[in-house]
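Coordinates from data.txt are shown below (compact mmCIF, C-alpha atoms).
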```
# COMPACT_ATOMS: atom_id res chain seq x y z
CA ASP A 1 88.84 92.06 113.92
CA ALA A 2 86.65 88.97 114.26
CA LYS A 3 87.99 85.73 112.89
CA THR A 4 86.26 83.99 109.98
CA THR A 5 86.05 80.32 109.02
CA GLN A 6 85.47 79.20 105.45
CA PRO A 7 85.59 75.77 103.79
CA PRO A 8 88.89 75.40 101.93
CA SER A 9 87.28 74.38 98.65
CA MET A 10 83.95 73.97 96.88
CA ASP A 11 82.70 72.87 93.48
CA CYS A 12 79.78 74.24 91.52
CA ALA A 13 78.31 73.35 88.13
CA GLU A 14 78.19 76.10 85.57
CA GLY A 15 74.83 77.86 85.51
CA ARG A 16 73.93 76.80 89.03
CA ALA A 17 73.98 79.00 92.10
CA ALA A 18 77.19 78.96 94.11
CA ASN A 19 76.60 79.38 97.84
CA LEU A 20 79.76 80.14 99.78
CA PRO A 21 79.42 80.01 103.58
CA CYS A 22 81.38 81.95 106.17
CA ASN A 23 81.28 81.63 109.95
CA HIS A 24 82.10 84.66 112.08
CA SER A 25 80.72 83.75 115.47
CA THR A 26 82.76 86.39 117.34
CA ILE A 27 81.62 89.30 115.19
CA SER A 28 80.84 92.45 117.13
CA GLY A 29 77.89 94.74 116.57
CA ASN A 30 79.70 97.32 114.48
CA GLU A 31 81.78 95.00 112.33
CA TYR A 32 80.92 94.55 108.68
CA VAL A 33 81.24 91.46 106.51
CA TYR A 34 83.21 91.95 103.31
CA TRP A 35 83.69 89.58 100.40
CA TYR A 36 86.52 89.72 97.94
CA ARG A 37 87.73 87.21 95.36
CA GLN A 38 91.02 86.53 93.64
CA ILE A 39 91.02 85.02 90.20
CA HIS A 40 94.25 83.17 89.44
CA SER A 41 97.27 85.48 89.08
CA GLN A 42 95.17 88.64 89.43
CA GLY A 43 94.73 91.09 92.25
CA PRO A 44 91.75 90.57 94.58
CA GLN A 45 88.44 92.09 93.52
CA TYR A 46 85.81 93.62 95.78
CA ILE A 47 82.44 91.86 95.57
CA ILE A 48 80.06 93.07 98.26
CA HIS A 49 79.76 94.01 101.92
CA GLY A 50 77.04 94.28 104.55
CA LEU A 51 76.28 94.87 108.22
CA LYS A 52 73.01 93.14 109.08
CA ASN A 53 70.64 93.39 106.15
CA ASN A 54 70.90 91.22 103.08
CA GLU A 55 72.64 92.96 100.20
CA THR A 56 72.56 92.46 96.45
CA ASN A 57 74.53 93.97 93.61
CA GLU A 58 75.28 93.07 90.02
CA MET A 59 77.85 90.48 91.07
CA ALA A 60 76.33 88.66 94.01
CA SER A 61 74.00 88.55 96.99
CA LEU A 62 75.05 88.51 100.62
CA ILE A 63 72.81 86.82 103.15
CA ILE A 64 73.64 87.51 106.81
CA THR A 65 71.91 85.47 109.52
CA GLU A 66 69.83 87.29 112.09
CA ASP A 67 72.38 86.65 114.85
CA ARG A 68 75.13 87.78 112.43
CA LYS A 69 77.29 84.80 113.30
CA SER A 70 77.41 83.54 109.75
CA SER A 71 76.81 84.68 106.20
CA THR A 72 76.53 83.27 102.70
CA LEU A 73 77.74 84.75 99.46
CA ILE A 74 75.55 83.71 96.56
CA LEU A 75 76.61 83.82 92.93
CA PRO A 76 73.21 83.22 91.30
CA HIS A 77 74.38 81.74 88.00
CA ALA A 78 78.01 80.69 88.27
CA THR A 79 80.17 80.82 85.17
CA LEU A 80 83.61 79.37 84.49
CA ARG A 81 85.03 82.87 85.04
CA ASP A 82 83.82 82.76 88.64
CA THR A 83 86.47 80.14 89.45
CA ALA A 84 88.54 81.93 92.09
CA VAL A 85 89.47 82.08 95.75
CA TYR A 86 86.74 83.84 97.73
CA TYR A 87 87.63 85.68 100.93
CA CYS A 88 85.21 86.53 103.70
CA ILE A 89 86.58 89.31 105.91
CA VAL A 90 85.11 90.90 109.00
CA ARG A 91 86.24 94.30 110.23
CA LEU A 92 85.08 97.67 111.40
CA ASN A 93 83.84 100.00 108.72
CA SER A 94 85.65 102.87 110.33
CA ASN A 95 88.37 105.29 109.45
CA SER A 96 90.63 103.62 111.95
CA GLY A 97 93.14 102.84 109.25
CA TYR A 98 93.15 99.09 109.62
CA ALA A 99 93.71 97.34 106.32
CA LEU A 100 91.83 94.24 105.25
CA ASN A 101 93.35 91.01 106.49
CA PHE A 102 92.88 88.14 104.07
CA GLY A 103 92.63 84.60 105.41
CA LYS A 104 92.85 81.38 103.44
CA GLY A 105 89.49 81.79 101.70
CA THR A 106 87.45 79.23 99.77
CA SER A 107 88.73 78.00 96.44
CA LEU A 108 85.66 77.75 94.21
CA LEU A 109 85.88 75.61 91.10
CA VAL A 110 83.10 76.06 88.56
CA THR A 111 82.87 73.08 86.23
CA PRO A 112 81.26 72.81 82.78
CA ASP B 1 92.92 103.35 81.57
CA THR B 2 94.11 100.97 84.23
CA ALA B 3 92.78 102.04 87.63
CA VAL B 4 95.74 100.79 89.68
CA SER B 5 98.87 100.16 87.69
CA GLN B 6 102.09 98.60 88.91
CA THR B 7 105.43 98.44 87.22
CA PRO B 8 107.21 96.26 86.51
CA LYS B 9 104.96 93.22 86.16
CA TYR B 10 107.88 90.84 86.49
CA LEU B 11 111.20 91.42 88.22
CA VAL B 12 114.05 88.92 88.38
CA THR B 13 117.11 90.01 90.30
CA GLN B 14 120.06 88.70 92.23
CA MET B 15 120.43 88.54 95.98
CA GLY B 16 121.85 91.68 97.47
CA ASN B 17 120.49 94.02 94.81
CA ASP B 18 118.24 97.01 95.47
CA LYS B 19 115.01 97.33 93.48
CA SER B 20 111.88 99.47 93.34
CA ILE B 21 108.29 98.76 92.40
CA LYS B 22 106.04 101.63 91.37
CA CYS B 23 102.31 102.02 91.80
CA GLU B 24 99.93 104.65 90.52
CA GLN B 25 96.16 104.96 90.87
CA ASN B 26 93.91 107.23 88.84
CA LEU B 27 90.78 106.70 90.92
CA GLY B 28 91.19 109.71 93.16
CA HIS B 29 91.39 107.42 96.19
CA ASP B 30 92.85 108.69 99.45
CA THR B 31 94.39 105.46 100.70
CA MET B 32 96.96 103.14 99.16
CA TYR B 33 98.44 99.83 100.28
CA TRP B 34 101.18 97.33 99.63
CA TYR B 35 100.37 93.64 100.12
CA LYS B 36 102.67 90.64 99.80
CA GLN B 37 101.43 87.25 98.60
CA ASP B 38 103.89 84.45 99.26
CA SER B 39 104.17 81.01 97.70
CA LYS B 40 101.50 79.68 100.08
CA LYS B 41 99.13 82.30 98.67
CA PHE B 42 98.62 84.18 101.95
CA LEU B 43 97.97 87.85 101.27
CA LYS B 44 99.47 90.05 103.97
CA ILE B 45 99.35 93.79 104.45
CA MET B 46 102.73 95.51 104.56
CA PHE B 47 102.09 99.25 104.47
CA SER B 48 99.29 101.74 104.04
CA TYR B 49 99.34 105.44 103.26
CA ASN B 50 96.48 107.90 103.55
CA ASN B 51 96.98 111.20 101.77
CA LYS B 52 100.76 110.66 101.77
CA GLU B 53 100.80 109.84 105.48
CA LEU B 54 101.97 106.41 106.64
CA ILE B 55 99.17 104.85 108.69
CA ILE B 56 100.02 101.15 108.70
CA ASN B 57 103.48 99.70 109.02
CA GLU B 58 103.32 95.99 109.74
CA THR B 59 106.25 93.93 110.95
CA VAL B 60 108.28 94.19 107.81
CA PRO B 61 112.11 94.20 107.60
CA ASN B 62 113.44 97.73 107.40
CA ARG B 63 114.98 96.82 104.06
CA PHE B 64 111.49 97.61 102.73
CA SER B 65 110.76 101.31 102.48
CA PRO B 66 107.57 102.75 101.01
CA LYS B 67 107.39 106.26 99.60
CA SER B 68 104.34 108.25 98.64
CA PRO B 69 105.22 111.43 96.74
CA ASP B 70 101.52 112.25 96.35
CA LYS B 71 98.27 110.48 97.08
CA ALA B 72 98.15 108.91 93.62
CA HIS B 73 101.52 107.17 93.94
CA LEU B 74 102.95 104.65 96.34
CA ASN B 75 106.32 103.13 95.57
CA LEU B 76 108.12 100.29 97.32
CA HIS B 77 111.89 100.20 97.54
CA ILE B 78 113.65 97.06 98.70
CA ASN B 79 117.30 97.04 99.73
CA SER B 80 119.63 94.04 99.90
CA LEU B 81 117.16 91.61 98.40
CA GLU B 82 116.99 88.12 99.88
CA LEU B 83 115.65 84.84 98.54
CA GLY B 84 112.73 85.04 100.94
CA ASP B 85 111.57 88.28 99.36
CA SER B 86 110.43 86.33 96.32
CA ALA B 87 106.67 86.81 96.13
CA VAL B 88 103.94 88.67 94.31
CA TYR B 89 103.53 92.21 95.55
CA PHE B 90 100.15 93.86 95.11
CA CYS B 91 99.40 97.54 95.31
CA ALA B 92 95.85 98.58 96.16
CA SER B 93 93.86 101.73 96.78
CA SER B 94 90.56 102.51 98.48
CA PRO B 95 88.36 105.60 98.58
CA THR B 96 88.87 106.00 102.33
CA LYS B 97 90.35 103.99 105.19
CA ARG B 98 87.14 101.99 105.42
CA GLY B 99 87.00 98.37 104.32
CA PHE B 100 85.14 98.44 101.05
CA GLY B 101 85.95 99.31 97.50
CA TYR B 102 89.57 98.26 97.46
CA THR B 103 90.97 98.18 93.95
CA PHE B 104 94.05 96.06 93.43
CA GLY B 105 96.73 96.25 90.81
CA SER B 106 97.69 93.21 88.79
CA GLY B 107 100.74 92.48 90.90
CA THR B 108 104.51 92.42 90.53
CA ARG B 109 106.09 88.99 90.59
CA LEU B 110 109.50 89.38 92.22
CA THR B 111 111.97 86.52 91.91
CA VAL B 112 115.25 86.74 93.76
CA VAL B 113 117.93 84.33 92.54
```

Go ahead and express the file in the form of structure tokens.
Amino acid sequence: DAKTTQPPSMDCAEGRAANLPCNHSTISGNEYVYWYRQIHSQGPQYIIHGLKNNETNEMASLIITEDRKSSTLILPHATLRDTAVYYCIVRLNSNSGYALNFGKGTSLLVTP
Amino acid sequence: DTAVSQTPKYLVTQMGNDKSIKCEQNLGHDTMYWYKQDSKKFLKIMFSYNNKELIINETVPNRFSPKSPDKAHLNLHINSLELGDSAVYFCASSPTKRGFGYTFGSGTRLTVV
């Protein structure tokens, strides 16, 4: 699986958009980008995933650059409950049986 | 109903003991996992089962033995517990072996004294 690089920490004011970047310059053509988050003391939670097109769901938007070497997770209106560690993971979306490998992630702090 | 439930939530035990952690999912998922999160917060895959078949077995001491009696259950048995086994253990399930839609349990905090 391709390696990802994320900033270790970020701050965001409540009500503003939180933009979390992820670099994955070695991504291959059939690898997907997944985002999960872990709120303190809880199990990780799936947020969104995508291949090349931008994706949006009720939680967030995922913007993938045209060359697919980086992506941004956008939380449009961050709340205090969005304070968590956010993980960007790249892997094949296949039935190969490989589990998700979580890196260090970005610790997002949403402030009042 | 909790989608992925683990028991117990907390487990404090002495070195050398044998203990088990149980996991059940009611999502109808085919694949289940055990992850370990250590004090540095790294989350590492330990085992994965798909329809009761072991498909991932990372470099884990053989004191750790998973068992899947059916696709809704994945238990973790640990023999001869050591101090270094202290961690939070998360069970997870996913609809298939693909990378999306993992649902995690709330974790079992194991403390070995």

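Straight-line separation from CA of Glu55 in chain A to CA of Arg37 in chain A: 16.9 Å.
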
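Considering only C-alpha atoms, the residue among B:Asn50, B:Thr59, B:Thr111, B:Ser86 positioned nearest to Ala72 in chain B is B:Asn50.
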
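With CA of Leu11 in chain B on one side and CA of Arg109 in chain B on the other, the separation reads 6.1 Å.
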
Check your understanding: Which of these residues is nearest to Lys44 in chain B, using only C-alpha atoms: A:Gly103, A:Pro76, A:Pro44, A:Pro112?
Key -> A:Gly103

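Excluding Asp82 in chain A itself and same-chain residues fewer than 2 positions from it, the residues having an atom within 9 Å of it are A:Arg37, A:Ile39, A:Leu75, A:Ala78, A:Thr79, A:Leu80, A:Ala84, A:Leu108, A:Leu109, A:Val110, counting all atoms listed in the file.
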